[in-house]
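As provided, start.pdb (PDB, C-alpha atoms) reads as follows.
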```pdb
ATOM      1  CA  ASP A   1      16.187   4.058  -0.915
ATOM      2  CA  ASP A   2      18.231   0.883  -0.602
ATOM      3  CA  GLY A   3      17.378  -0.362  -4.085
ATOM      4  CA  ALA A   4      18.679   2.793  -5.740
ATOM      5  CA  ASP A   5      21.710   3.595  -3.593
ATOM      6  CA  GLY A   6      23.007   0.108  -2.847
ATOM      7  CA  GLU A   7      24.528  -1.492   0.222
ATOM      8  CA  SER A   8      26.619   1.547   1.238
ATOM      9  CA  ASN A   9      23.466   3.440   2.203
ATOM     10  CA  SER A  10      21.585   0.546   3.758
ATOM     11  CA  ILE A  11      19.880   1.189   7.081
ATOM     12  CA  GLN A  12      22.177  -1.246   8.907
ATOM     13  CA  ASN A  13      25.311   0.350   7.444
ATOM     14  CA  GLN A  14      24.190   3.842   8.449
ATOM     15  CA  ARG A  15      23.290   2.618  11.942
ATOM     16  CA  ASN A  16      26.789   1.140  12.411
ATOM     17  CA  ILE A  17      28.493   4.356  11.242
ATOM     18  CA  LEU A  18      26.357   6.547  13.508
ATOM     19  CA  GLU A  19      26.747   4.270  16.537
ATOM     20  CA  ARG A  20      30.532   4.292  16.159
ATOM     21  CA  TYR A  21      30.619   8.087  15.692
ATOM     22  CA  ALA A  22      28.411   8.697  18.752
ATOM     23  CA  ARG A  23      30.559   6.387  20.867
ATOM     24  CA  GLU A  24      33.889   7.910  19.734
ATOM     25  CA  HIS A  25      32.680  11.507  20.182
ATOM     26  CA  ARG A  26      30.836  10.810  23.451
ATOM     27  CA  PHE A  27      27.276  11.660  22.450
ATOM     28  CA  PRO A  28      25.072  10.100  25.180
ATOM     29  CA  ASN A  29      21.634   8.496  24.836
ATOM     30  CA  PRO A  30      21.543   8.014  21.034
ATOM     31  CA  ARG A  31      18.180   7.363  19.431
ATOM     32  CA  PHE A  32      17.575   6.345  15.805
ATOM     33  CA  TYR A  33      14.892   7.757  13.514
ATOM     34  CA  VAL A  34      14.512   5.443  10.524
ATOM     35  CA  ASP A  35      12.611   5.946   7.250
ATOM     36  CA  ASP A  36      13.323   2.768   5.308
ATOM     37  CA  GLY A  37      11.968   2.872   1.759
ATOM     38  CA  TYR A  38      11.014   6.573   1.758
ATOM     39  CA  SER A  39      12.433   9.015  -0.781
ATOM     40  CA  GLY A  40      14.665  11.801   0.496
ATOM     41  CA  GLY A  41      12.853  14.138  -1.893
ATOM     42  CA  SER A  42      10.031  14.432   0.631
ATOM     43  CA  PHE A  43      10.182  15.456   4.284
ATOM     44  CA  ASN A  44       6.764  13.936   4.964
ATOM     45  CA  ARG A  45       8.416  10.798   6.353
ATOM     46  CA  PRO A  46       7.196   9.190   9.621
ATOM     47  CA  GLY A  47      10.619   8.939  11.240
ATOM     48  CA  PHE A  48      11.627  12.466  10.266
ATOM     49  CA  GLN A  49       8.332  13.921  11.502
ATOM     50  CA  GLN A  50       8.744  12.108  14.830
ATOM     51  CA  MET A  51      12.253  13.521  15.116
ATOM     52  CA  MET A  52      10.903  17.048  14.512
ATOM     53  CA  THR A  53       8.247  16.532  17.192
ATOM     54  CA  ASP A  54      10.854  15.346  19.709
ATOM     55  CA  MET A  55      13.105  18.284  18.806
ATOM     56  CA  GLU A  56      10.298  20.793  19.373
ATOM     57  CA  ASN A  57       9.578  19.116  22.738
ATOM     58  CA  GLY A  58      13.178  19.668  23.834
ATOM     59  CA  LYS A  59      14.239  16.005  23.743
ATOM     60  CA  ILE A  60      17.055  16.454  21.192
ATOM     61  CA  ARG A  61      20.366  18.322  21.490
ATOM     62  CA  THR A  62      22.206  17.006  18.404
ATOM     63  CA  ILE A  63      21.115  15.500  15.064
ATOM     64  CA  ILE A  64      23.645  13.347  13.194
ATOM     65  CA  THR A  65      23.302  11.767   9.737
ATOM     66  CA  LYS A  66      25.745   9.798   7.591
ATOM     67  CA  ASP A  67      25.731  12.599   5.014
ATOM     68  CA  LEU A  68      23.528  15.502   3.906
ATOM     69  CA  SER A  69      21.537  13.374   1.454
ATOM     70  CA  ARG A  70      20.310  11.191   4.358
ATOM     71  CA  LEU A  71      18.635  14.243   5.882
ATOM     72  CA  GLY A  72      16.958  15.141   2.566
ATOM     73  CA  ARG A  73      17.462  15.675  -1.136
ATOM     74  CA  ASN A  74      15.414  18.863  -1.463
ATOM     75  CA  GLN A  75      17.894  21.730  -1.639
ATOM     76  CA  LEU A  76      15.597  24.467  -0.291
ATOM     77  CA  HIS A  77      14.019  22.468   2.532
ATOM     78  CA  THR A  78      17.275  20.829   3.644
ATOM     79  CA  GLY A  79      18.944  24.226   3.882
ATOM     80  CA  LEU A  80      15.924  25.644   5.718
ATOM     81  CA  TYR A  81      16.054  22.921   8.395
ATOM     82  CA  ILE A  82      19.830  23.158   8.904
ATOM     83  CA  GLU A  83      20.150  26.942   8.856
ATOM     84  CA  GLU A  84      16.864  27.998  10.522
ATOM     85  CA  ARG A  85      14.788  25.257  12.163
ATOM     86  CA  PHE A  86      17.578  23.433  14.015
ATOM     87  CA  PRO A  87      19.220  26.643  15.395
ATOM     88  CA  MET A  88      15.768  27.893  16.446
ATOM     89  CA  PHE A  89      15.596  24.995  18.951
ATOM     90  CA  GLY A  90      19.294  25.088  19.855
ATOM     91  CA  VAL A  91      20.046  21.837  18.014
ATOM     92  CA  ARG A  92      23.484  21.057  16.574
ATOM     93  CA  TYR A  93      23.589  19.247  13.205
ATOM     94  CA  ILE A  94      26.399  16.977  11.975
ATOM     95  CA  ALA A  95      26.753  15.230   8.570
ATOM     96  CA  ILE A  96      29.690  12.848   9.050
ATOM     97  CA  ASN A  97      30.866  12.103   5.501
ATOM     98  CA  ASP A  98      30.299  15.678   4.266
ATOM     99  CA  ASN A  99      32.260  17.099   7.211
ATOM    100  CA  VAL A 100      29.397  19.445   8.152
ATOM    101  CA  ASP A 101      29.040  20.597  11.761
ATOM    102  CA  THR A 102      26.921  23.658  12.538
ATOM    103  CA  ASP A 103      29.137  24.337  15.582
ATOM    104  CA  ARG A 104      31.933  25.102  13.081
ATOM    105  CA  SER A 105      30.677  27.796  10.686
ATOM    106  CA  GLU A 106      33.486  27.228   8.170
ATOM    107  CA  SER A 107      32.283  23.639   7.612
ATOM    108  CA  THR A 108      28.951  24.827   6.195
ATOM    109  CA  GLU A 109      30.322  27.102   3.456
ATOM    110  CA  LEU A 110      30.045  24.463   0.711
ATOM    111  CA  MET A 111      26.849  22.916   2.116
ATOM    112  CA  PRO A 112      24.408  24.694  -0.324
ATOM    113  CA  PHE A 113      26.337  23.268  -3.296
ATOM    114  CA  LYS A 114      26.294  19.756  -1.836
ATOM    115  CA  ASN A 115      22.540  20.023  -1.255
ATOM    116  CA  LEU A 116      22.112  21.142  -4.864
ATOM    117  CA  PHE A 117      24.058  18.105  -6.114
ATOM    118  CA  ASN A 118      21.905  15.851  -3.920
ATOM    119  CA  GLU A 119      18.759  17.304  -5.478
ATOM    120  CA  TRP A 120      20.204  16.891  -8.975
ATOM    121  CA  PHE A 121      20.547  13.184  -8.240
ATOM    122  CA  ILE A 122      16.861  12.721  -7.417
ATOM    123  CA  ARG A 123      15.836  14.937 -10.357
ATOM    124  CA  ASP A 124      17.938  12.791 -12.712
ATOM    125  CA  THR A 125      16.506   9.605 -11.214
ATOM    126  CA  SER A 126      12.958  10.917 -11.724
ATOM    127  CA  ARG A 127      13.717  11.738 -15.356
ATOM    128  CA  LYS A 128      15.115   8.243 -15.966
ATOM    129  CA  ILE A 129      12.096   6.565 -14.339
ATOM    130  CA  ARG A 130       9.698   8.578 -16.515
ATOM    131  CA  ALA A 131      11.662   7.549 -19.621
ATOM    132  CA  VAL A 132      11.565   3.878 -18.594
ATOM    133  CA  GLN A 133       7.811   4.043 -17.912
ATOM    134  CA  ARG A 134       7.141   5.620 -21.324
ATOM    135  CA  ALA A 135       9.310   2.994 -23.052
ATOM    136  CA  LYS A 136       7.370   0.217 -21.305
ATOM    137  CA  ALA A 137       4.064   1.811 -22.309
ATOM    138  CA  GLU A 138       5.159   2.071 -25.938
ATOM    139  CA  ARG A 139       6.108  -1.630 -25.907
ATOM    140  CA  GLY A 140       2.565  -2.435 -24.815
ATOM    141  CA  GLU A 141       3.439  -3.469 -21.254
ATOM    142  CA  ARG A 142       0.930  -2.807 -18.505
ATOM    143  CA  LEU A 143       2.326  -0.269 -16.024
ATOM    144  CA  GLY A 144       0.033  -0.988 -13.057
ATOM    145  CA  THR A 145       1.592  -2.801 -10.113
ATOM    146  CA  ARG A 146      -1.641  -4.398  -8.842
ATOM    147  CA  ALA A 147      -4.065  -6.549 -10.754
ATOM    148  CA  PRO A 148      -7.443  -4.771 -10.959
ATOM    149  CA  TYR A 149     -10.464  -6.339  -9.273
ATOM    150  CA  GLY A 150     -11.724  -9.200 -11.471
ATOM    151  CA  TYR A 151      -8.227 -10.217 -12.598
ATOM    152  CA  ARG A 152      -5.074 -11.726 -11.176
ATOM    153  CA  LYS A 153      -1.508 -11.795 -12.431
ATOM    154  CA  ASN A 154      -0.446 -14.641 -14.687
ATOM    155  CA  GLU A 155       1.936 -16.871 -12.712
ATOM    156  CA  GLN A 156       4.053 -17.556 -15.836
ATOM    157  CA  ASP A 157       4.221 -13.887 -16.892
ATOM    158  CA  ARG A 158       3.517 -11.376 -14.103
ATOM    159  CA  LYS A 159       2.986  -8.594 -16.650
ATOM    160  CA  LYS A 160      -0.060 -10.379 -18.068
ATOM    161  CA  LEU A 161      -3.576 -10.524 -16.597
ATOM    162  CA  VAL A 162      -5.819 -13.575 -16.379
ATOM    163  CA  VAL A 163      -9.431 -13.746 -15.217
ATOM    164  CA  ASP A 164     -10.149 -14.309 -11.530
ATOM    165  CA  GLU A 165     -13.513 -16.013 -11.918
ATOM    166  CA  GLU A 166     -14.845 -15.314  -8.418
ATOM    167  CA  ALA A 167     -14.316 -11.552  -8.637
ATOM    168  CA  ALA A 168     -15.111 -11.481 -12.373
ATOM    169  CA  ALA A 169     -18.627 -12.761 -11.616
ATOM    170  CA  VAL A 170     -19.175  -9.756  -9.330
ATOM    171  CA  VAL A 171     -17.869  -7.372 -12.007
ATOM    172  CA  ARG A 172     -20.200  -8.822 -14.662
ATOM    173  CA  ARG A 173     -23.120  -8.536 -12.266
ATOM    174  CA  ILE A 174     -22.300  -4.873 -11.527
ATOM    175  CA  PHE A 175     -22.332  -4.080 -15.256
ATOM    176  CA  ALA A 176     -25.574  -6.016 -15.718
ATOM    177  CA  LEU A 177     -27.272  -4.155 -12.856
ATOM    178  CA  CYS A 178     -26.184  -0.811 -14.285
ATOM    179  CA  ALA A 179     -27.357  -1.764 -17.781
ATOM    180  CA  ALA A 180     -30.725  -2.611 -16.207
ATOM    181  CA  GLY A 181     -30.978   0.945 -14.847
ATOM    182  CA  GLN A 182     -29.519   0.801 -11.333
ATOM    183  CA  GLY A 183     -27.056   3.502 -10.261
ATOM    184  CA  PRO A 184     -23.762   3.101  -8.365
ATOM    185  CA  SER A 185     -25.351   3.919  -4.981
ATOM    186  CA  GLN A 186     -28.063   1.306  -5.428
ATOM    187  CA  ILE A 187     -25.550  -1.316  -6.562
ATOM    188  CA  ALA A 188     -23.235  -0.538  -3.618
ATOM    189  CA  ARG A 189     -26.095  -0.927  -1.124
ATOM    190  CA  LEU A 190     -27.095  -4.236  -2.721
ATOM    191  CA  LEU A 191     -23.565  -5.668  -2.494
ATOM    192  CA  LYS A 192     -23.309  -4.527   1.132
ATOM    193  CA  ARG A 193     -26.576  -6.259   2.013
ATOM    194  CA  GLU A 194     -25.389  -9.459   0.350
ATOM    195  CA  GLN A 195     -22.030  -9.170   2.189
ATOM    196  CA  VAL A 196     -19.859  -9.307  -0.911
ATOM    197  CA  LEU A 197     -16.235  -8.484  -0.041
ATOM    198  CA  CYS A 198     -15.156  -5.089  -1.412
ATOM    199  CA  PRO A 199     -12.095  -5.063  -3.754
ATOM    200  CA  THR A 200      -9.460  -4.078  -1.161
ATOM    201  CA  THR A 201     -10.600  -6.682   1.372
ATOM    202  CA  TYR A 202     -10.938  -9.353  -1.338
ATOM    203  CA  ALA A 203      -7.384  -8.681  -2.608
ATOM    204  CA  TYR A 204      -6.022  -8.885   0.946
ATOM    205  CA  LYS A 205      -7.817 -12.104   1.906
ATOM    206  CA  THR A 206      -7.310 -13.851  -1.445
ATOM    207  CA  PHE A 207      -3.840 -12.744  -2.551
ATOM    208  CA  GLY A 208      -2.409 -11.149   0.606
ATOM    209  CA  VAL A 209      -2.106  -7.775  -1.163
ATOM    210  CA  ALA A 210      -2.626  -4.814   1.180
ATOM    211  CA  HIS A 211      -3.886  -1.433  -0.014
ATOM    212  CA  SER A 212      -3.635   1.942   1.708
ATOM    213  CA  SER A 213      -7.455   2.145   1.900
ATOM    214  CA  LEU A 214      -7.832  -1.375   3.363
ATOM    215  CA  ASN A 215     -10.318  -1.410   6.267
ATOM    216  CA  LEU A 216     -10.795  -4.870   7.782
ATOM    217  CA  ASN A 217     -13.419  -3.454  10.145
ATOM    218  CA  ASP A 218     -15.676  -2.847   7.146
ATOM    219  CA  PRO A 219     -15.004  -5.772   4.755
ATOM    220  CA  TYR A 220     -18.171  -5.104   2.733
ATOM    221  CA  GLY A 221     -17.579  -1.356   2.410
ATOM    222  CA  TRP A 222     -18.620  -0.851  -1.205
ATOM    223  CA  SER A 223     -18.961   2.826  -2.140
ATOM    224  CA  ASP A 224     -20.712   4.472  -5.049
ATOM    225  CA  SER A 225     -17.378   5.941  -6.218
ATOM    226  CA  THR A 226     -15.832   2.453  -6.378
ATOM    227  CA  ILE A 227     -18.731   1.212  -8.506
ATOM    228  CA  ALA A 228     -18.657   4.318 -10.731
ATOM    229  CA  ASN A 229     -14.908   3.930 -11.361
ATOM    230  CA  MET A 230     -15.373   0.281 -12.303
ATOM    231  CA  LEU A 231     -18.192   1.094 -14.722
ATOM    232  CA  GLU A 232     -15.956   3.594 -16.529
ATOM    233  CA  ASN A 233     -12.767   1.502 -16.534
ATOM    234  CA  GLU A 234     -11.864   0.168 -19.974
ATOM    235  CA  ILE A 235      -9.772  -2.574 -18.362
ATOM    236  CA  TYR A 236     -12.992  -4.645 -18.233
ATOM    237  CA  LEU A 237     -13.372  -4.244 -21.991
ATOM    238  CA  GLY A 238      -9.982  -5.901 -22.503
ATOM    239  CA  ASN A 239      -8.103  -2.626 -23.080
ATOM    240  CA  THR A 240      -5.043  -1.297 -21.283
ATOM    241  CA  ILE A 241      -4.720   2.468 -20.806
ATOM    242  CA  ASN A 242      -1.140   3.472 -20.038
ATOM    243  CA  LEU A 243       0.110   6.873 -18.876
ATOM    244  CA  ARG A 244      -3.339   7.757 -17.566
ATOM    245  CA  TYR A 245      -1.882   9.324 -14.438
ATOM    246  CA  SER A 246       1.304  11.190 -13.729
ATOM    247  CA  THR A 247       2.729  13.382 -10.994
ATOM    248  CA  ARG A 248       3.425  17.095 -11.423
ATOM    249  CA  SER A 249       7.105  16.704 -10.605
ATOM    250  CA  TYR A 250       9.496  14.811  -8.362
ATOM    251  CA  LYS A 251       8.698  17.421  -5.679
ATOM    252  CA  ASP A 252       4.917  17.359  -6.052
ATOM    253  CA  ARG A 253       3.651  13.760  -5.840
ATOM    254  CA  ARG A 254      -0.026  14.592  -6.331
ATOM    255  CA  LYS A 255      -1.648  12.607  -9.131
ATOM    256  CA  VAL A 256      -2.783  14.266 -12.348
ATOM    257  CA  GLU A 257      -5.298  12.425 -14.538
ATOM    258  CA  HIS A 258      -4.907  12.897 -18.289
ATOM    259  CA  PRO A 259      -7.782  12.846 -20.809
ATOM    260  CA  ARG A 260      -8.133   9.664 -22.845
ATOM    261  CA  GLU A 261      -6.757  11.225 -26.038
ATOM    262  CA  GLU A 262      -3.461  11.953 -24.248
ATOM    263  CA  CYS A 263      -3.136   8.388 -22.935
ATOM    264  CA  MET A 264      -1.686   5.325 -24.655
ATOM    265  CA  VAL A 265      -4.635   2.987 -25.346
ATOM    266  CA  LEU A 266      -3.860  -0.646 -26.199
ATOM    267  CA  GLU A 267      -6.840  -2.747 -27.226
ATOM    268  CA  ASN A 268      -7.439  -6.463 -26.603
ATOM    269  CA  THR A 269      -4.431  -6.924 -24.329
ATOM    270  CA  HIS A 270      -6.221  -9.382 -22.000
ATOM    271  CA  PRO A 271      -9.583 -11.236 -21.719
ATOM    272  CA  ALA A 272     -12.575  -8.888 -21.500
ATOM    273  CA  LEU A 273     -15.086  -9.357 -18.664
ATOM    274  CA  VAL A 274     -17.926  -7.541 -20.433
ATOM    275  CA  SER A 275     -18.968  -7.463 -24.079
ATOM    276  CA  ARG A 276     -18.845  -4.338 -26.213
ATOM    277  CA  GLU A 277     -22.669  -4.338 -26.323
ATOM    278  CA  VAL A 278     -22.997  -4.286 -22.521
ATOM    279  CA  TRP A 279     -20.222  -1.691 -22.256
ATOM    280  CA  ASP A 280     -21.969   0.655 -24.702
ATOM    281  CA  ILE A 281     -25.296   0.313 -22.870
ATOM    282  CA  VAL A 282     -23.649   1.085 -19.532
ATOM    283  CA  GLN A 283     -21.844   4.145 -20.912
ATOM    284  CA  GLN A 284     -25.136   5.386 -22.362
ATOM    285  CA  VAL A 285     -26.811   4.932 -18.985
ATOM    286  CA  ARG A 286     -23.906   6.695 -17.243
ATOM    287  CA  GLN A 287     -24.292   9.714 -19.512
ATOM    288  CA  HIS A 288     -27.817  10.179 -18.170
ATOM    289  CA  LYS A 289     -27.129   9.724 -14.470
ATOM    290  CA  ARG A 290     -30.240   9.718 -12.334
ATOM    291  CA  ARG A 291     -29.415  10.979  -8.885
ATOM    292  CA  PRO A 292     -31.952  10.371  -6.085
ATOM    293  CA  THR A 293     -33.214  13.382  -4.114
ATOM    294  CA  LYS A 294     -32.571  13.979  -0.397
ATOM    295  CA  MET A 295     -35.895  12.237   0.267
ATOM    296  CA  ASP A 296     -34.547   9.182  -1.611
ATOM    297  CA  GLU A 297     -36.956   9.644  -4.519
ATOM    298  CA  GLN A 298     -36.088   9.140  -8.157
ATOM    299  CA  ASN A 299     -37.093  12.085 -10.329
ATOM    300  CA  LYS A 300     -38.539  10.745 -13.590
ATOM    301  CA  TYR A 301     -37.232  13.824 -15.446
ATOM    302  CA  SER A 302     -33.659  13.350 -14.131
ATOM    303  CA  GLY A 303     -31.111  13.995 -16.876
ATOM    304  CA  LEU A 304     -33.785  15.157 -19.314
ATOM    305  CA  VAL A 305     -34.482  18.751 -18.252
ATOM    306  CA  VAL A 306     -31.755  21.325 -18.975
ATOM    307  CA  CYS A 307     -31.373  25.083 -18.632
ATOM    308  CA  ALA A 308     -32.229  26.868 -21.892
ATOM    309  CA  ASP A 309     -29.512  29.488 -21.284
ATOM    310  CA  CYS A 310     -26.420  27.593 -20.146
ATOM    311  CA  GLY A 311     -27.290  23.979 -21.004
ATOM    312  CA  SER A 312     -26.659  22.663 -17.466
ATOM    313  CA  THR A 313     -28.794  19.801 -16.193
ATOM    314  CA  MET A 314     -31.602  20.973 -13.903
ATOM    315  CA  VAL A 315     -32.320  19.010 -10.721
ATOM    316  CA  LEU A 316     -35.350  18.506  -8.516
ATOM    317  CA  HIS A 317     -34.700  20.114  -5.154
ATOM    318  CA  ARG A 318     -36.220  18.245  -2.204
ATOM    319  CA  ALA A 319     -35.433  18.345   1.519
ATOM    320  CA  HIS A 320     -36.594  16.566   4.659
ATOM    321  CA  THR A 321     -37.844  19.899   6.023
ATOM    322  CA  MET A 322     -40.163  20.348   3.035
ATOM    323  CA  SER A 323     -43.623  18.918   2.538
ATOM    324  CA  ARG A 324     -43.740  16.060   0.049
ATOM    325  CA  SER A 325     -46.108  18.140  -2.091
ATOM    326  CA  TYR A 326     -43.469  20.861  -2.586
ATOM    327  CA  ASN A 327     -41.071  20.752  -5.572
TER     328      ASN A 327
END
```
How does this structure look as structure tokens?
Amino acid sequence: DDGADGESNSIQNQRNILERYAREHRFPNPRFYVDDGYSGGSFNRPGFQQMMTDMENGKIRTIITKDLSRLGRNQLHTGLYIEERFPMFGVRYIAINDNVDTDRSESTELMPFKNLFNEWFIRDTSRKIRAVQRAKAERGERLGTRAPYGYRKNEQDRKKLVVDEEAAAVVRRIFALCAAGQGPSQIARLLKREQVLCPTTYAYKTFGVAHSSLNLNDPYGWSDSTIANMLENEIYLGNTINLRYSTRSYKDRRKVEHPREECMVLENTHPALVSREVWDIVQQVRQHKRRPTKMDEQNKYSGLVVCADCGSTMVLHRAHTMSRSYN
């Protein structure tokens, strides 16, 4: 985390310290495992996982880090690796600045306390980031890092959105098709046939912005979930919804989506791509979703027939193994 910890913990600085230590203490065949830009709060880091694989395959005798925090900032997991996993494979661990060496038992007596302080640091950082994000949201700033499909960032003020006319035309067409009665699956198939670039590919080819789900082998890979999310996203109505997602904690990075009433909704923060009339029609259509059967038929009673006991929507069951006359 170069940005947070400064030059003293830069990758190059750590490399120089470790190279000098290995040379002075005669450790042969040094190899570096680097995780630049990854938080020490997680051990799911590519370089660390590769190091664990090499250790389990018997390729490592000694692991050396600049200090304990470079191994990890999770007190429980860091202690587990040092005290159980490394000894299990006969691996010696050294943290240079913290004077820890598992070959000298007395050097590890204060290690649990140092690991606890390291975790406190990341916990405090997480708390500060959450406070900054909430303050930004309350000021009306948009928290998203990427411009949503249909918009681009204002060159004069990167926190503002302006309309990207090429993508905006596709967005307006998607809303129009849905208002006319077509579902997300039908719209996705139509855009695929017409070879319209999907949002991730469009962002990459137009603005050079890469996304984790980018697949250049399928540039027209529209999915029904992508269309459905767009049709329910108030960003196209000109509204900004802040604090819609959060993580459970600094240890659990899984996203949690909050209901609209718990979010911070700011209206008319940027140009709308669809009118309120079209938006309302689309939301009405989405409330009565009509899902095709396995035989790709549209049931005319879809969304209209419900169970008298529990109120759940009843569906027409069809299968390829059934005769078309069977319902």
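One distance worth recording is that between atom CA of Ile122 of chain A and atom CA of Ser246 of chain A, which is 16.9 Å.
Minimum atom-to-atom distances from A:Asn16, A:Thr226, A:Asn242, A:Thr62 to Asn29 of chain A were compared using all atoms listed in the file, and the lowest value belongs to A:Thr62.
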Residues selected by the PyMOL selection byres ((chain A and resi 186-199) around 8), written as a PyMOL selection string: chain A and resi 149+174+177-178+182-185+200-203+219-224+227
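Contact shell of Gly40 of chain A at 9 Å (only C-alpha atoms; same-chain neighbours under 4 positions omitted): Asp1, Arg45, Ser69, Arg70, Leu71, Gly72, Arg73, Asn74 and Ile122 of chain A.
Using only C-alpha atoms, the nearest neighbour of Glu234 of chain A within the list A:Arg260, A:Arg146, A:Arg20, A:Arg173 is A:Arg260.
Computed from the coordinates, the atom CA of Gln12 of chain A to atom CA of Gly58 of chain A distance equals 27.2 Å.
Evaluated against this file, the PyMOL selection byres ((chain A and resi 121) around 12) yields Ala4, Asp5, Ser39, Gly40, Gly41, Ser69, Gly72, Arg73, Asn74, Gln75, Lys114, Asn115, Leu116, Phe117, Asn118, Glu119, Trp120, Ile122, Arg123, Asp124, Thr125, Ser126, Arg127, Lys128 and Tyr250 of chain A.
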Spatial neighbours of segment 90-92 of chain A, max dist 8 Å, all atoms listed in the file, sep filter under 6 positions, as a ChimeraX atom specification: /A:55,60-63,101-103
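Minimum atom-to-atom distance to Ser107 of chain A, evaluated using only C-alpha atoms, belongs to A:Tyr93 out of A:Leu161, A:Ile129, A:Tyr93, A:Tyr204.
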Atom pair atom CA of Phe175 of chain A + atom CA of Lys160 of chain A, distance 23.3 Å
Could you tell me, as a list in words, which residues have any atom at most 12 Å from (-25.1, -2.8, -23.1), counting all atoms listed in the file? Arg172, Phe175, Ala176, Leu177, Cys178, Ala179, Ala180, Gly181, Leu231, Leu237, Val274, Ser275, Arg276, Glu277, Val278, Trp279, Asp280, Ile281, Val282, Gln283, Gln284, Val285 and Arg286 of chain A
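Using only C-alpha atoms, the nearest neighbour of Gly140 of chain A within the list A:Val170, A:Met322, A:Lys159, A:His25 is A:Lys159.
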Close residues, Met264 of chain A itself excluded, 10 Å, only C-alpha atoms, min 5 positions apart in chain, as a PyMOL selection string: chain A and resi 134+137-138+140+240-244
Quick one: residues within 7 Å of Thr269 of chain A, only C-alpha atoms counted, chain neighbours fewer than 3 positions away excluded, as a list in words? Gly238, Asn239, Thr240 and Leu266 of chain A
With only C-alpha atoms as the counted atoms, please give the residues lying no more than 7 Å from Met314 of chain A, apart from itself and same-chain residues fewer than 5 positions off, as a PyMOL selection string. chain A and resi 305-307
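Distance annotation: of A:Arg26, A:Glu267, A:Asp67, A:His77, the residue with the minimal separation from Asn44 of chain A is A:His77; atom set is all atoms listed in the file.
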